[in-house]
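A.B. asks: So here's final-v8.cif, just mmCIF, C-alpha atoms:
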data_my_file
#
loop_
_atom_site.label_atom_id
_atom_site.label_comp_id
_atom_site.auth_asym_id
_atom_site.auth_seq_id
_atom_site.Cartn_x
_atom_site.Cartn_y
_atom_site.Cartn_z
CA MET O 19 -23.60 8.73 94.25
CA SER O 20 -22.64 5.05 93.75
CA THR O 21 -21.16 4.04 90.40
CA SER O 22 -22.81 1.34 88.31
CA HIS O 23 -19.80 0.41 86.16
CA ALA O 24 -16.16 -0.29 86.86
CA ARG O 25 -15.01 1.24 83.55
CA ILE O 26 -16.66 2.89 80.57
CA TRP O 27 -15.37 4.18 77.26
CA VAL O 28 -16.71 7.49 75.93
CA GLY O 29 -16.43 8.06 72.21
CA ILE O 30 -16.83 11.62 70.93
CA ASP O 31 -17.65 12.54 67.35
CA ALA O 32 -16.15 16.04 67.42
CA GLY O 33 -17.40 19.01 65.43
CA LYS O 34 -17.02 22.78 65.28
CA GLY O 35 -20.39 23.70 66.77
CA HIS O 36 -21.18 20.61 68.82
CA HIS O 37 -19.94 17.13 69.70
CA TRP O 38 -21.82 13.87 70.14
CA ALA O 39 -20.76 11.62 73.00
CA VAL O 40 -21.64 7.94 73.48
CA ALA O 41 -20.43 5.82 76.41
CA VAL O 42 -20.21 2.01 76.36
CA ASP O 43 -19.46 -0.44 79.16
CA ALA O 44 -17.14 -3.46 79.15
CA ASP O 45 -19.72 -5.48 77.16
CA GLY O 46 -20.14 -2.81 74.50
CA VAL O 47 -23.59 -1.80 75.69
CA ALA O 48 -24.39 1.89 75.40
CA VAL O 49 -24.55 3.65 78.78
CA PHE O 50 -25.60 7.08 77.54
CA SER O 51 -25.73 9.07 74.31
CA THR O 52 -25.91 12.86 74.28
CA LYS O 53 -25.26 15.96 72.21
CA VAL O 54 -22.75 18.42 73.69
CA ILE O 55 -22.36 22.01 72.55
CA ASN O 56 -18.71 23.03 72.03
CA ASP O 57 -18.79 25.10 75.22
CA GLU O 58 -16.80 24.84 78.43
CA ALA O 59 -19.82 24.51 80.74
CA GLN O 60 -21.44 21.70 78.73
CA ILE O 61 -18.19 19.81 78.30
CA LEU O 62 -17.57 19.96 82.05
CA THR O 63 -21.10 18.64 82.59
CA LEU O 64 -20.30 15.73 80.26
CA ILE O 65 -17.13 14.95 82.24
CA ASP O 66 -19.06 14.96 85.52
CA THR O 67 -21.78 12.75 84.03
CA ALA O 68 -19.23 10.19 82.83
CA ARG O 69 -17.45 10.18 86.19
CA GLU O 70 -20.74 9.49 87.99
CA ARG O 71 -21.44 6.46 85.79
CA ALA O 72 -18.13 4.61 86.35
CA ASP O 73 -15.05 4.36 88.56
CA GLU O 74 -12.75 4.77 85.53
CA VAL O 75 -13.48 6.62 82.30
CA ARG O 76 -11.54 6.28 79.03
CA TRP O 77 -12.10 8.86 76.31
CA ALA O 78 -11.65 8.66 72.55
CA VAL O 79 -11.99 11.32 69.83
CA ASP O 80 -11.76 11.26 66.05
CA ILE O 81 -10.38 14.79 65.55
CA SER O 82 -7.27 16.23 67.18
CA GLY O 83 -7.34 19.65 65.50
CA ARG O 84 -8.82 23.04 66.26
CA ALA O 85 -12.41 21.76 66.47
CA SER O 86 -11.57 19.61 69.50
CA ALA O 87 -9.03 21.95 71.12
CA LEU O 88 -11.35 23.05 73.95
CA LEU O 89 -12.57 19.51 74.54
CA LEU O 90 -9.05 18.05 74.76
CA ALA O 91 -7.80 20.90 76.97
CA LEU O 92 -10.60 20.32 79.49
CA LEU O 93 -10.17 16.54 79.48
CA VAL O 94 -6.41 16.76 80.04
CA ALA O 95 -6.86 19.46 82.70
CA HIS O 96 -9.15 17.07 84.62
CA GLY O 97 -6.73 14.15 84.40
CA GLN O 98 -8.69 12.12 81.85
CA GLN O 99 -7.06 9.59 79.49
CA VAL O 100 -7.79 10.37 75.83
CA VAL O 101 -6.86 8.42 72.70
CA TYR O 102 -7.14 9.32 69.03
CA VAL O 103 -9.18 7.04 66.77
CA PRO O 104 -8.46 7.94 63.12
CA GLY O 105 -11.40 8.90 60.94
CA ARG O 106 -10.39 6.25 58.40
CA THR O 107 -10.82 3.58 61.08
CA VAL O 108 -14.24 4.93 62.04
CA ASN O 109 -15.34 5.03 58.40
CA ARG O 110 -14.26 1.46 57.68
CA MET O 111 -15.57 -0.06 60.89
CA SER O 112 -18.98 1.60 60.58
CA GLY O 113 -19.92 -1.05 58.04
CA ALA O 114 -19.55 -3.76 60.70
CA TYR O 115 -22.36 -2.26 62.79
CA ARG O 116 -26.08 -2.66 62.24
CA GLY O 117 -27.83 -0.23 59.89
CA GLU O 118 -26.73 1.76 56.86
CA ALA O 119 -27.45 5.18 58.33
CA LYS O 120 -24.58 7.51 59.13
CA THR O 121 -25.23 9.74 62.13
CA ASP O 122 -23.09 11.51 64.71
CA ALA O 123 -24.44 9.14 67.36
CA LYS O 124 -23.42 6.06 65.38
CA ASP O 125 -19.94 7.46 64.70
CA ALA O 126 -19.50 8.20 68.40
CA LEU O 127 -20.59 4.66 69.24
CA VAL O 128 -18.05 3.22 66.78
CA ILE O 129 -15.31 5.41 68.28
CA ALA O 130 -16.12 4.28 71.83
CA ASP O 131 -16.35 0.62 70.87
CA GLN O 132 -13.06 0.67 68.94
CA ALA O 133 -11.33 2.28 71.93
CA ARG O 134 -12.78 -0.53 74.09
CA LEU O 135 -11.58 -3.30 71.77
CA TRP O 136 -8.13 -2.02 70.85
CA ARG O 137 -5.34 -0.77 73.10
CA ASP O 138 -2.87 0.58 70.50
CA PHE O 139 -4.48 3.91 69.63
CA ALA O 140 -2.22 6.92 70.13
CA PRO O 141 -2.83 8.83 73.38
CA LEU O 142 -3.52 12.55 73.16
CA ASP O 143 -2.18 15.29 75.36
CA THR O 144 -2.15 19.08 75.35
CA PRO O 145 0.94 20.13 73.35
CA PRO O 146 3.37 22.74 74.73
CA GLU O 147 2.67 26.39 73.99
CA LEU O 148 5.54 26.64 71.49
CA VAL O 149 4.32 23.62 69.51
CA THR O 150 0.77 24.96 69.43
CA THR O 151 2.00 28.38 68.28
CA LEU O 152 4.06 26.80 65.50
CA ARG O 153 1.05 24.77 64.37
CA VAL O 154 -1.05 27.93 64.14
CA LEU O 155 1.66 29.83 62.26
CA THR O 156 2.54 27.03 59.83
CA ASN O 157 -1.11 26.28 59.07
CA TYR O 158 -1.70 29.98 58.45
CA ARG O 159 1.32 30.05 56.15
CA ALA O 160 -0.10 27.13 54.16
CA ASP O 161 -3.37 29.06 53.74
CA LEU O 162 -1.48 32.17 52.57
CA ILE O 163 0.52 30.15 50.04
CA ALA O 164 -2.71 28.60 48.71
CA ASP O 165 -4.24 32.08 48.37
CA ARG O 166 -1.13 33.25 46.52
CA VAL O 167 -1.38 30.41 44.02
CA LYS O 168 -5.04 31.27 43.37
CA LEU O 169 -4.22 34.95 42.83
CA ILE O 170 -1.45 34.16 40.38
CA ASN O 171 -3.68 31.78 38.40
CA ARG O 172 -6.44 34.41 38.18
CA LEU O 173 -3.95 37.07 37.15
CA ARG O 174 -2.45 34.93 34.37
CA ASP O 175 -5.88 33.90 33.14
CA LEU O 176 -6.97 37.55 32.80
CA LEU O 177 -3.64 38.55 31.27
CA VAL O 178 -4.03 35.97 28.49
CA GLY O 179 -7.21 37.80 27.44
CA ILE O 180 -5.24 41.06 27.20
CA CYS O 181 -1.84 40.10 25.77
CA PRO O 182 -0.76 36.43 25.59
CA ALA O 183 2.84 37.46 24.84
CA LEU O 184 3.00 39.49 28.06
CA GLU O 185 1.61 36.55 30.03
CA ARG O 186 4.32 34.27 28.61
CA ALA O 187 7.14 36.75 29.14
CA PHE O 188 7.48 36.43 32.93
CA ASP O 189 7.20 33.96 35.77
CA TYR O 190 4.90 35.97 38.02
CA SER O 191 5.16 33.42 40.84
CA SER O 192 8.88 33.92 41.48
CA ALA O 193 9.69 37.49 40.33
CA LYS O 194 8.42 40.65 42.03
CA GLY O 195 9.34 43.08 39.24
CA PRO O 196 6.74 41.90 36.68
CA VAL O 197 4.00 42.06 39.36
CA VAL O 198 4.99 45.65 40.20
CA LEU O 199 4.80 46.41 36.47
CA LEU O 200 1.24 45.09 36.26
CA THR O 201 0.03 47.40 39.02
CA GLU O 202 0.16 50.28 36.50
CA TYR O 203 0.72 48.94 32.97
CA GLN O 204 -1.30 45.95 31.78
CA THR O 205 -2.12 46.59 28.09
CA PRO O 206 0.17 46.51 25.04
CA ALA O 207 -0.83 50.06 24.08
CA ALA O 208 0.13 51.45 27.50
CA LEU O 209 3.49 49.71 27.41
CA ARG O 210 4.26 50.93 23.88
CA ARG O 211 3.40 54.51 24.86
CA ILE O 212 5.73 54.65 27.85
CA GLY O 213 8.66 52.94 26.11
CA VAL O 214 11.64 51.11 27.52
CA LYS O 215 13.56 54.11 28.89
CA ARG O 216 10.73 55.71 30.85
CA LEU O 217 9.45 52.33 32.04
CA THR O 218 12.93 51.48 33.36
CA THR O 219 12.99 54.74 35.32
CA TRP O 220 9.51 54.07 36.68
CA LEU O 221 10.50 50.57 37.85
CA GLU O 222 13.78 51.80 39.39
CA ARG O 223 11.86 54.30 41.52
CA ARG O 224 9.96 51.34 42.94
CA LYS O 225 13.21 49.48 43.68
CA VAL O 226 12.68 46.72 41.14
CA ARG O 227 15.78 44.61 40.65
CA GLY O 228 16.86 44.34 37.01
CA ALA O 229 14.45 47.09 35.96
CA ASP O 230 16.02 47.51 32.50
CA ALA O 231 15.61 43.81 31.63
CA VAL O 232 12.00 43.73 32.88
CA ALA O 233 11.13 46.89 30.91
CA ALA O 234 12.77 45.63 27.70
CA LYS O 235 11.01 42.27 27.84
CA ALA O 236 7.61 43.84 28.61
CA VAL O 237 7.81 46.38 25.76
CA GLU O 238 9.01 43.67 23.38
CA ALA O 239 5.96 41.57 24.25
CA ALA O 240 3.69 44.60 23.78
CA GLN O 241 5.12 45.40 20.33
CA SER O 242 4.21 41.90 19.12
CA GLN O 243 0.48 42.70 19.47
CA GLN O 244 -1.16 45.74 17.86
CA ILE O 245 -4.81 44.80 18.24
CA ALA O 246 -6.85 45.51 21.37
CA LEU O 247 -8.83 42.45 22.49
CA PRO O 248 -12.50 42.67 23.58
CA GLY O 249 -12.97 43.53 27.27
CA GLU O 250 -9.38 44.69 27.55
CA LYS O 251 -10.11 47.82 29.59
CA ARG O 252 -12.06 46.04 32.32
CA ALA O 253 -9.65 43.08 32.39
CA ALA O 254 -6.70 45.47 32.75
CA LYS O 255 -8.28 47.06 35.83
CA LEU O 256 -8.81 43.63 37.39
CA VAL O 257 -5.21 42.63 36.64
CA GLY O 258 -4.02 45.80 38.38
CA ASP O 259 -6.14 45.02 41.44
CA LEU O 260 -4.85 41.45 41.57
CA ALA O 261 -1.26 42.66 41.27
CA HIS O 262 -1.76 44.99 44.27
CA GLN O 263 -3.33 42.12 46.25
CA LEU O 264 -0.42 39.83 45.34
CA LEU O 265 2.18 42.33 46.56
CA ALA O 266 0.28 42.84 49.82
CA LEU O 267 -0.02 39.07 50.27
CA ASP O 268 3.72 38.65 49.73
CA GLU O 269 4.33 41.09 52.60
CA ARG O 270 1.99 39.09 54.85
CA ILE O 271 3.85 35.88 53.97
CA LYS O 272 7.18 37.59 54.69
CA ASP O 273 5.94 38.77 58.11
CA ASN O 274 4.56 35.31 58.87
CA ASP O 275 7.87 33.67 57.91
CA ARG O 276 9.74 36.04 60.18
CA GLU O 277 7.45 35.18 63.10
CA ILE O 278 7.87 31.45 62.39
CA ARG O 279 11.67 31.80 62.43
CA GLU O 280 11.67 33.74 65.69
CA THR O 281 9.31 31.29 67.40
CA PHE O 282 11.14 28.22 66.11
CA ARG O 283 14.56 29.48 67.15
CA SER O 284 13.32 30.00 70.70
CA ASP O 285 13.23 26.18 70.97
CA GLU O 286 16.40 24.54 72.27
CA ARG O 287 16.26 21.96 69.44
CA ALA O 288 16.28 24.59 66.67
CA GLU O 289 20.07 24.78 66.41
CA ILE O 290 20.33 20.99 66.14
CA ILE O 291 17.63 20.74 63.46
CA GLU O 292 18.98 23.64 61.41
CA SER O 293 22.50 22.19 61.49
CA MET O 294 21.28 19.34 59.28
CA PRO O 295 21.72 20.22 55.58
CA GLY O 296 18.42 21.05 53.91
CA MET O 297 16.49 21.73 57.13
CA GLY O 298 15.87 25.47 57.27
CA PRO O 299 13.77 27.30 59.85
CA ILE O 300 10.50 26.91 57.92
CA LEU O 301 10.83 23.15 57.40
CA GLY O 302 12.19 22.81 60.93
CA ALA O 303 9.20 24.67 62.36
CA GLU O 304 6.77 22.45 60.44
CA PHE O 305 8.64 19.37 61.67
CA VAL O 306 8.36 20.47 65.32
CA ALA O 307 4.70 21.43 64.83
CA ILE O 308 3.90 17.90 63.65
CA VAL O 309 6.05 15.69 65.89
CA GLY O 310 6.09 17.83 69.05
CA ASP O 311 8.65 16.58 71.56
CA LEU O 312 8.99 13.15 69.84
CA SER O 313 7.54 11.42 72.92
CA GLY O 314 4.97 9.69 70.72
CA TYR O 315 7.67 7.83 68.75
CA LYS O 316 9.47 4.84 70.24
CA ASP O 317 12.38 5.00 67.79
CA ALA O 318 13.43 6.37 64.42
CA GLY O 319 11.53 3.60 62.65
CA ARG O 320 8.23 4.82 64.12
CA LEU O 321 8.99 8.34 62.93
CA ALA O 322 9.85 7.05 59.45
CA SER O 323 6.63 5.02 59.41
CA HIS O 324 4.58 8.10 60.33
CA ALA O 325 6.27 9.95 57.45
CA GLY O 326 5.50 7.13 55.00
CA LEU O 327 9.19 6.38 54.43
CA ALA O 328 9.13 2.83 55.81
CA PRO O 329 7.85 0.18 53.34
CA VAL O 330 4.99 -2.04 54.42
CA ALA O 331 5.12 -5.83 53.99
CA ARG O 332 2.47 -7.43 51.78
CA ASP O 333 3.30 -11.11 52.28
CA SER O 334 0.87 -13.95 51.67
CA GLY O 335 1.60 -17.68 51.55
CA ARG O 336 4.80 -18.29 49.63
CA ARG O 337 5.09 -14.64 48.67
CA THR O 338 7.56 -13.15 51.14
CA ASN O 339 9.67 -9.99 51.27
CA ASN O 340 7.03 -8.23 49.20
CA TYR O 341 7.07 -4.56 50.24
CA HIS O 342 4.80 -1.73 49.11
CA ARG O 343 4.42 1.96 49.68
CA PRO O 344 2.31 2.64 52.81
CA GLN O 345 -1.18 4.07 52.45
CA ARG O 346 -1.62 5.63 55.89
CA TYR O 347 0.97 8.26 56.76
CA HIS O 348 1.33 11.99 57.39
CA ARG O 349 1.57 13.58 53.94
CA ARG O 350 3.06 16.85 55.16
CA LEU O 351 5.72 15.13 57.26
CA ARG O 352 6.76 13.06 54.26
CA HIS O 353 6.91 16.25 52.16
CA ILE O 354 9.17 17.92 54.74
CA PHE O 355 11.72 15.10 54.63
CA TYR O 356 11.48 14.91 50.83
CA LEU O 357 12.12 18.65 50.37
CA ALA O 358 14.99 18.60 52.88
CA ALA O 359 16.59 15.63 51.10
CA GLN O 360 16.17 17.30 47.72
CA THR O 361 17.84 20.50 48.95
CA ALA O 362 20.72 18.61 50.61
CA MET O 363 21.26 16.45 47.52
CA MET O 364 21.92 19.51 45.35
CA ARG O 365 25.06 20.47 47.34
CA PRO O 366 28.32 18.53 47.75
CA GLY O 367 28.37 16.39 50.87
CA THR O 368 27.33 13.08 52.34
CA SER O 369 23.70 13.46 51.20
CA ARG O 370 24.70 13.97 47.59
CA ASP O 371 27.16 11.07 47.75
CA TYR O 372 24.44 8.76 49.08
CA TYR O 373 21.99 9.95 46.40
CA LEU O 374 24.51 9.29 43.62
CA LYS O 375 25.23 5.88 45.09
CA LYS O 376 21.55 4.94 44.93
CA ARG O 377 21.28 6.26 41.38
CA ALA O 378 24.25 4.11 40.41
CA GLU O 379 22.40 1.12 41.86
CA GLY O 380 19.61 1.70 39.33
CA LEU O 381 17.07 3.62 41.40
CA LEU O 382 15.01 6.35 39.78
CA HIS O 383 15.37 9.98 40.93
CA THR O 384 12.31 9.84 43.20
CA GLN O 385 13.29 6.46 44.63
CA ALA O 386 16.81 7.66 45.40
CA LEU O 387 15.45 10.79 47.11
CA LEU O 388 13.05 8.76 49.25
CA SER O 389 15.87 6.42 50.21
CA LEU O 390 17.97 9.44 51.19
CA ALA O 391 15.05 10.89 53.16
CA ARG O 392 14.68 7.59 55.07
CA ARG O 393 18.36 7.61 55.97
CA ARG O 394 18.16 11.22 57.13
CA VAL O 395 15.29 10.33 59.50
CA ASP O 396 17.71 8.07 61.40
CA VAL O 397 20.36 10.79 61.44
CA LEU O 398 17.97 13.48 62.68
CA TRP O 399 16.57 11.17 65.33
CA ALA O 400 20.08 10.40 66.62
CA MET O 401 20.98 14.10 66.63
CA LEU O 402 17.94 15.01 68.72
CA ARG O 403 18.40 12.02 71.03
CA ASP O 404 22.07 12.79 71.71
CA LYS O 405 21.67 16.58 71.45
CA ARG O 406 24.47 16.79 68.89
CA LEU O 407 24.91 19.09 65.92
CA PHE O 408 25.26 17.59 62.45
CA THR O 409 28.75 16.62 61.32
CA SER O 410 29.73 14.99 58.04
CA ALA O 411 32.00 12.53 59.87
CA PRO O 412 30.24 9.85 61.98
CA PRO O 413 30.87 10.02 65.76
CA VAL O 414 33.61 7.77 67.09
CA THR O 415 32.42 5.03 69.41
CA GLN O 416 34.39 4.99 72.64
CA ALA O 417 35.65 1.70 74.00
CA ALA O 418 34.02 0.50 77.21
#
Just give me the structure of the file as structure tokens.

C.D. replies:
Amino acid sequence: MSTSHARIWVGIDAGKGHHWAVAVDADGVAVFSTKVINDEAQILTLIDTARERADEVRWAVDISGRASALLLALLVAHGQQVVYVPGRTVNRMSGAYRGEAKTDAKDALVIADQARLWRDFAPLDTPPELVTTLRVLTNYRADLIADRVKLINRLRDLLVGICPALERAFDYSSAKGPVVLLTEYQTPAALRRIGVKRLTTWLERRKVRGADAVAAKAVEAAQSQQIALPGEKRAAKLVGDLAHQLLALDERIKDNDREIRETFRSDERAEIIESMPGMGPILGAEFVAIVGDLSGYKDAGRLASHAGLAPVARDSGRRTNNYHRPQRYHRRLRHIFYLAAQTAMMRPGTSRDYYLKKRAEGLLHTQALLSLARRRVDVLWAMLRDKRLFTSAPPVTQAA
């Protein structure tokens, strides 16, 4: 079949159940517009249809996550060029097109037309198996942590309606012993009946660290309240159920962390990343899951820009050297570098010396940490580029 166009651009508004694809030619005129179920057979039909319409096909999508995983895998497997058009760009540019309606077809048209007009969108490729596995594991860990926070908030809210003193006595988010206590004893009356000595023995049988201190503090809180609050019996049962769920969730998080460490350390870069102070296996795994093999970054400055650690110029007229915090960056990548810098700053070494230097220059705590994080991006980039472990002394430059 003869082709009618030299090149077309196909924009795809991706979704979980279906995608919408619109193709435009070199003049921006729509070639075809169709709905595609998120299924291998229909996606392959779309690829064949696009190939029949033009000698060269360029593809663009607005989602690079799980919803478009099958689509991207099939496009890459068939040698198609795909770029990522951010959703923010699609949202802003939609106002430049005719009509106020927002539909999947219009979004797909905007995606295709932006890919036609601009050549600097990031290309997409199928990530290696290890990177994909780390993305799945780290995203699952984030969901588990969010569930844990919700459970703790519900538990504390119910516990306030039983005994406010007992709710204030412990930090249930960081200590396992108080949570074990709540699986059986939730009311002041129950704690007063068992007493400190028997409660200590009960906690020791369950391998609670510092059982005597936990028991003493719990009974002390119970003795400060003699009245039984309304709904106490039912609330106590719910607190016990939440405590059991929290302990089970902690075990799932522990198993997930172990799997993340094992998967991350199977990468040849793991030893280099972990040698940098503050970069443990969890942060290192999240870093690899986001940046992949670093092929998408030209230099350390691009990586810092993606992490939101490179200031953006806001010059106009006579106003020059006016820099602001960037608005478009990867929040989680910035958080990784921030946490790593914060951990490294707390221990003696070059990171702490640099932090104290910035504080002496008048920077606030957050500003000094961000400055340290920006410096550490350059160091980590150089380590990965040269395949060198971290050393506190800078490498000696050899004479030519």

A.B. asks: So which residues get picked by the PyMOL selection byres ((chain O and resi 37) around 10) here, written as a PDB file with C-alpha atoms, in the coordinates of the input?

C.D. replies:
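The resulting file, selection-v1.pdb, is reproduced below:
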ATOM      1  CA  ILE O  30     -16.830  11.620  70.930  1.00  0.00           C
ATOM      2  CA  ASP O  31     -17.650  12.540  67.350  1.00  0.00           C
ATOM      3  CA  ALA O  32     -16.150  16.040  67.420  1.00  0.00           C
ATOM      4  CA  GLY O  33     -17.400  19.010  65.430  1.00  0.00           C
ATOM      5  CA  LYS O  34     -17.020  22.780  65.280  1.00  0.00           C
ATOM      6  CA  GLY O  35     -20.390  23.700  66.770  1.00  0.00           C
ATOM      7  CA  HIS O  36     -21.180  20.610  68.820  1.00  0.00           C
ATOM      8  CA  TRP O  38     -21.820  13.870  70.140  1.00  0.00           C
ATOM      9  CA  ALA O  39     -20.760  11.620  73.000  1.00  0.00           C
ATOM     10  CA  THR O  52     -25.910  12.860  74.280  1.00  0.00           C
ATOM     11  CA  LYS O  53     -25.260  15.960  72.210  1.00  0.00           C
ATOM     12  CA  VAL O  54     -22.750  18.420  73.690  1.00  0.00           C
ATOM     13  CA  ILE O  55     -22.360  22.010  72.550  1.00  0.00           C
ATOM     14  CA  ASN O  56     -18.710  23.030  72.030  1.00  0.00           C
ATOM     15  CA  ASP O  57     -18.790  25.100  75.220  1.00  0.00           C
ATOM     16  CA  ILE O  61     -18.190  19.810  78.300  1.00  0.00           C
ATOM     17  CA  VAL O  79     -11.990  11.320  69.830  1.00  0.00           C
ATOM     18  CA  ALA O  85     -12.410  21.760  66.470  1.00  0.00           C
ATOM     19  CA  SER O  86     -11.570  19.610  69.500  1.00  0.00           C
ATOM     20  CA  LEU O  89     -12.570  19.510  74.540  1.00  0.00           C
ATOM     21  CA  ASP O 122     -23.090  11.510  64.710  1.00  0.00           C
ATOM     22  CA  ALA O 123     -24.440   9.140  67.360  1.00  0.00           C
ATOM     23  CA  ALA O 126     -19.500   8.200  68.400  1.00  0.00           C
TER      24      ALA O 126
END

A.B. asks: Quick one: apply the PyMOL selection byres ((chain O and resi 291) around 9) to the file and drop the selected residues here as a VMD selection string.

C.D. replies: chain O and resid 287 to 290 292 to 295 297 to 299 302 398 401 to 402 407 to 408

A.B. asks: Translate the PyMOL selection byres ((chain O and resi 385) around 12) into a concrete residue list for this structure, as a ChimeraX atom specification.

C.D. replies: /O:327,343,356,359-360,373-384,386-392

A.B. asks: Find the distance between atom CA of O:Thr151 and atom CA of O:His348 and write it in Å to one decimal.

C.D. replies: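 Here the two named atoms are 19.7 Å from each other.
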
A.B. asks: Nearest to O:Ala236: which of O:Asp175, O:Asp161, O:Glu185, O:Asp125 is it, counting all atoms listed in the file?

C.D. replies: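 Of all the options, O:Glu185 lies closest to O:Ala236.
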
A.B. asks: Under the rule that all atoms listed in the file are counted, which of O:Tyr203, O:Trp27, O:Phe188, O:Tyr102 is the nearest residue to O:Val257?

C.D. replies: O:Tyr203

A.B. asks: So which residues touch O:Val167 within 12 Å, counting all atoms listed in the file, skipping near sequence neighbours fewer than 2 positions away, as a PyMOL selection string?

C.D. replies: chain O and resi 160-165+169-174+190-192+260+264+267-268

A.B. asks: Using only C-alpha atoms, which residue out of O:His324, O:Arg134, O:His262, O:Arg252 lies closest to O:Pro196?

C.D. replies: O:His262

A.B. asks: Please measure the separation of atom CA of O:Gly83 and atom CA of O:Arg153, giving the value in Å to one decimal.

C.D. replies: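 According to the coordinates, atom CA of O:Gly83 and atom CA of O:Arg153 are separated by 9.9 Å.
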
A.B. asks: Can you pull out the residues contacting O:Ala261? Cut-off 8 Å, using all atoms listed in the file, and skip same-chain residues under 6 positions away; I want them as a list in words.

C.D. replies: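 With the cut-off at 8 Å, the set is Leu173, Val197, Val198, Leu200 and Thr201 of chain O.
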
A.B. asks: From (-9.2, 5.9, 87.6), in the file's coordinates, out to 9 Å: which residues are reached, counting all atoms listed in the file? Answer as a list in words.

C.D. replies: Arg25, Asp73, Glu74, Val75, Arg76 and Gln98 of chain O

A.B. asks: Between atom CA of O:Lys255 and atom CA of O:Pro182, what is the distance in Å, rounded to a tenth?

C.D. replies: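 According to the coordinates, atom CA of O:Lys255 and atom CA of O:Pro182 are separated by 16.6 Å.
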
A.B. asks: Within 8 Å of O:Pro104, counting only C-alpha atoms, which residues qualify if same-chain residues fewer than 3 places away don't, as an MDAnalysis selection string?

C.D. replies: chainID O and resid 80:81 107:108
